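For reference, the structure is listed below as structure tokens.
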Amino acid sequence: MFVWSKLLSAVTQPVFWLALWWCLALCLLWFRRHTAVLMLWLGLAALGTLGFQAGPDALLRALESRYAVPPDSVVSQHTGVIVLGGALEHPRSFSAHDQVPLGEAAERMTVPVGWMRAHPHLRLVFSGGEGRLLLTGVSESDLARRFYTDQGLDMNRVRFEGGSRNTRENAQLVARVLGGGCSGDWLLVTSAWHMPRSVAEFEAAGCRVTPYPVDFRTGESTPWSEYSLAISLLRWQTALHEYLGWWVYRLTR
């Protein structure tokens, strides 16, 4: 199932579908030249249109608006915080330079650090293994352990789950690690656009969580003047991947 999910992630990439479209058009050049030329031009127009950030931002905004950020006063009322992986980049740079590489979702890692310093009773559970088809031997938990150590946290209050490869396994393995403690009051920290799927999976695993979304990618609106093909394609992929994942998880839960 995990391997298929990784292979099928190609369908969430708009350029993948454009490539198939153009391949079909090139094949048709042998038989129906006018139709093929039209398809090539339509594909080019579609590629240009995908650069407007308002499109993918609308999809991401719908996900990000599902859960509001709780007030800071509620943090101290919880047993601890569950942090989902996804903020750490490929470990090759860590191996080469001995620095933990944080990615675009760095808030997943950094926000809980302040809580742990301000509230000595809080515990932290980090969940993240190797979600790659080709394993490197270094899990996200390995990198997280180094990161939290470098930040000076009391590592006696931090636990790591390093076997999960996707969101469902995050929830199931954290529930196993915490046992009956999963029914306590836990803050769940992950990207805002990833939160709806995550909350559903943790609740299905029997965990009681309060969503604390971070790593917002959108604001209240995105003007159509915002144009970047590179950024927009990544946001399209993020949004489509999340919607597809939510749908598949719901069908298989």
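Chain labels run A, B, ... following the order of the structure tokens; each chain numbers its residues from 1, and ligands are numbered from 1 in the order shown.
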Closest pair table for stretch 184-249 of chain A residues within 10 Å of stretch 33-57 of chain A, only C-alpha atoms, as a tab-separated table:
residue	atom	partner	partner_atom	distance
A:Arg217	CA	A:Asp57	CA	7.7
A:Thr218	CA	A:Asp57	CA	6.1
A:Gly219	CA	A:Asp57	CA	8.6
A:Glu220	CA	A:Asp57	CA	9.8
A:Ser221	CA	A:Ala54	CA	7.9
A:Thr222	CA	A:Ala54	CA	5.1
A:Pro223	CA	A:Ala54	CA	6.4
A:Trp224	CA	A:Ala54	CA	5.8
A:Ser225	CA	A:Phe52	CA	7.6
A:Glu226	CA	A:Gln53	CA	5.9
A:Tyr227	CA	A:Phe52	CA	4.7
A:Ser228	CA	A:Gly51	CA	5.1
A:Leu229	CA	A:Gly51	CA	3.9
A:Ala230	CA	A:Gly51	CA	7.3
A:Ile231	CA	A:Gln53	CA	7.6
A:Ser232	CA	A:Gln53	CA	5.2
A:Leu233	CA	A:Leu50	CA	6.8
A:Leu234	CA	A:Pro56	CA	9.0
A:Arg235	CA	A:Pro56	CA	5.7
A:Trp236	CA	A:Pro56	CA	5.0
A:Gln237	CA	A:Pro56	CA	8.5
A:Thr238	CA	A:Pro56	CA	8.6
A:Ala239	CA	A:Pro56	CA	6.6
A:Leu240	CA	A:Pro56	CA	8.6
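Look at A:Thr79: the protein and nucleic acid residues within 10 Å of it, using only C-alpha atoms and passing over chain neighbours fewer than 4 places away, are A:Val75, A:His121, A:Leu122, A:Arg123, A:Leu124, A:Gly181, A:Cys182, A:Gly184, A:Asp185, A:Trp186, A:Leu187.
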Contacts of stretch 166-176 of chain A at 6 Å (only C-alpha atoms; same-chain gap of 2+ positions) as JSON, numbers by chain: {"A": [127, 164, 178, 179, 182, 201, 202, 205]}
Contacts of A:Arg92 at 12 Å (only C-alpha atoms; same-chain gap of 2+ positions) as a ChimeraX atom specification: /A:88-90,94-101,135-139,143
Writing out the chosen residues with C-alpha atoms as an mmCIF file, in the first residue's frame:
data_model
loop_
_atom_site.group_PDB
_atom_site.id
_atom_site.type_symbol
_atom_site.label_atom_id
_atom_site.label_comp_id
_atom_site.auth_asym_id
_atom_site.auth_seq_id
_atom_site.Cartn_x
_atom_site.Cartn_y
_atom_site.Cartn_z
ATOM 1 C CA LEU A 88 12.943 18.096 7.594
ATOM 2 C CA GLU A 89 14.727 17.964 4.249
ATOM 3 C CA HIS A 90 16.696 15.089 2.751
ATOM 4 C CA PHE A 94 23.007 16.669 7.192
ATOM 5 C CA SER A 95 25.498 13.933 6.397
ATOM 6 C CA ALA A 96 27.664 16.363 4.441
ATOM 7 C CA HIS A 97 27.494 19.444 6.682
ATOM 8 C CA ASP A 98 26.304 18.213 10.099
ATOM 9 C CA GLN A 99 23.434 20.712 10.199
ATOM 10 C CA VAL A 100 19.777 19.717 10.532
ATOM 11 C CA PRO A 101 18.047 20.845 7.302
ATOM 12 C CA LEU A 135 15.905 4.435 2.179
ATOM 13 C CA THR A 136 18.846 6.491 3.395
ATOM 14 C CA GLY A 137 19.286 4.929 6.811
ATOM 15 C CA VAL A 138 18.520 8.254 8.511
ATOM 16 C CA SER A 139 14.949 8.798 9.693
ATOM 17 C CA LEU A 143 17.232 14.417 12.605
#
Closest of A:Glu161, A:Glu104, A:Glu242, A:Asp150 to A:Phe126 - atom-to-atom distances counting only C-alpha atoms: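 Ranking A:Glu161, A:Glu104, A:Glu242, A:Asp150 by distance to A:Phe126, first place goes to A:Glu161.
When atom CA of A:Arg253 is paired with atom CA of A:Val214, their separation reads 25.4 Å.
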DSSP-assigned helix (DSSP H, G or I) among stretch 2-246 of chain A, expressed as a PyMOL selection string: chain A and resi 2-12+14-28+33-49+54-64+72-77+92-97+107-118+140-150+155-157+167-183+192-204+229-246
Pairwise distance for atom CA of A:Val83 and atom CA of A:Arg66, rounded to one decimal in Å: 18.7 Å
Which of stretch 117-200 of chain A fall in strand (DSSP E), as a list in words: Arg123, Leu124, Val125, Phe126, Ser127, Val158, Arg159, Phe160, Glu161, Trp186, Leu187, Leu188, Val189, Thr190 and Ser191 of chain A
Selected residues written out, C-alpha atoms, as an mmCIF file, in the first residue's frame:
data_model
loop_
_atom_site.group_PDB
_atom_site.id
_atom_site.type_symbol
_atom_site.label_atom_id
_atom_site.label_comp_id
_atom_site.auth_asym_id
_atom_site.auth_seq_id
_atom_site.Cartn_x
_atom_site.Cartn_y
_atom_site.Cartn_z
ATOM 1 C CA ARG A 123 5.976 16.357 27.024
ATOM 2 C CA LEU A 124 6.759 16.109 23.340
ATOM 3 C CA VAL A 125 6.291 13.170 20.995
ATOM 4 C CA PHE A 126 7.851 13.451 17.555
ATOM 5 C CA SER A 127 6.544 11.110 14.862
ATOM 6 C CA VAL A 158 10.893 14.010 24.504
ATOM 7 C CA ARG A 159 9.944 10.708 22.873
ATOM 8 C CA PHE A 160 10.442 9.630 19.280
ATOM 9 C CA GLU A 161 8.461 7.382 16.975
ATOM 10 C CA TRP A 186 -2.498 16.454 23.466
ATOM 11 C CA LEU A 187 -1.779 19.290 21.088
ATOM 12 C CA LEU A 188 -1.324 18.092 17.522
ATOM 13 C CA VAL A 189 1.123 20.184 15.494
ATOM 14 C CA THR A 190 1.324 19.911 11.731
ATOM 15 C CA SER A 191 0.871 22.116 8.670
#
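Using only C-alpha atoms for every distance, the candidate list A:Ala200, A:Val248, A:Val209, A:Met109 yields A:Val209 as the residue closest to A:Gly80.
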All residues 12 Å or closer to A:Ser73, only C-alpha atoms, same chain fewer than 4 positions away omitted, as a list in words: Val69, Gln77, His78, Trp115, Ala118 and His119 of chain A
Gap from atom CA of A:Pro196 to atom CA of A:Arg208 - Å, one decimal: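 Atom CA of A:Arg208 lies at a distance of 14.3 Å from atom CA of A:Pro196.
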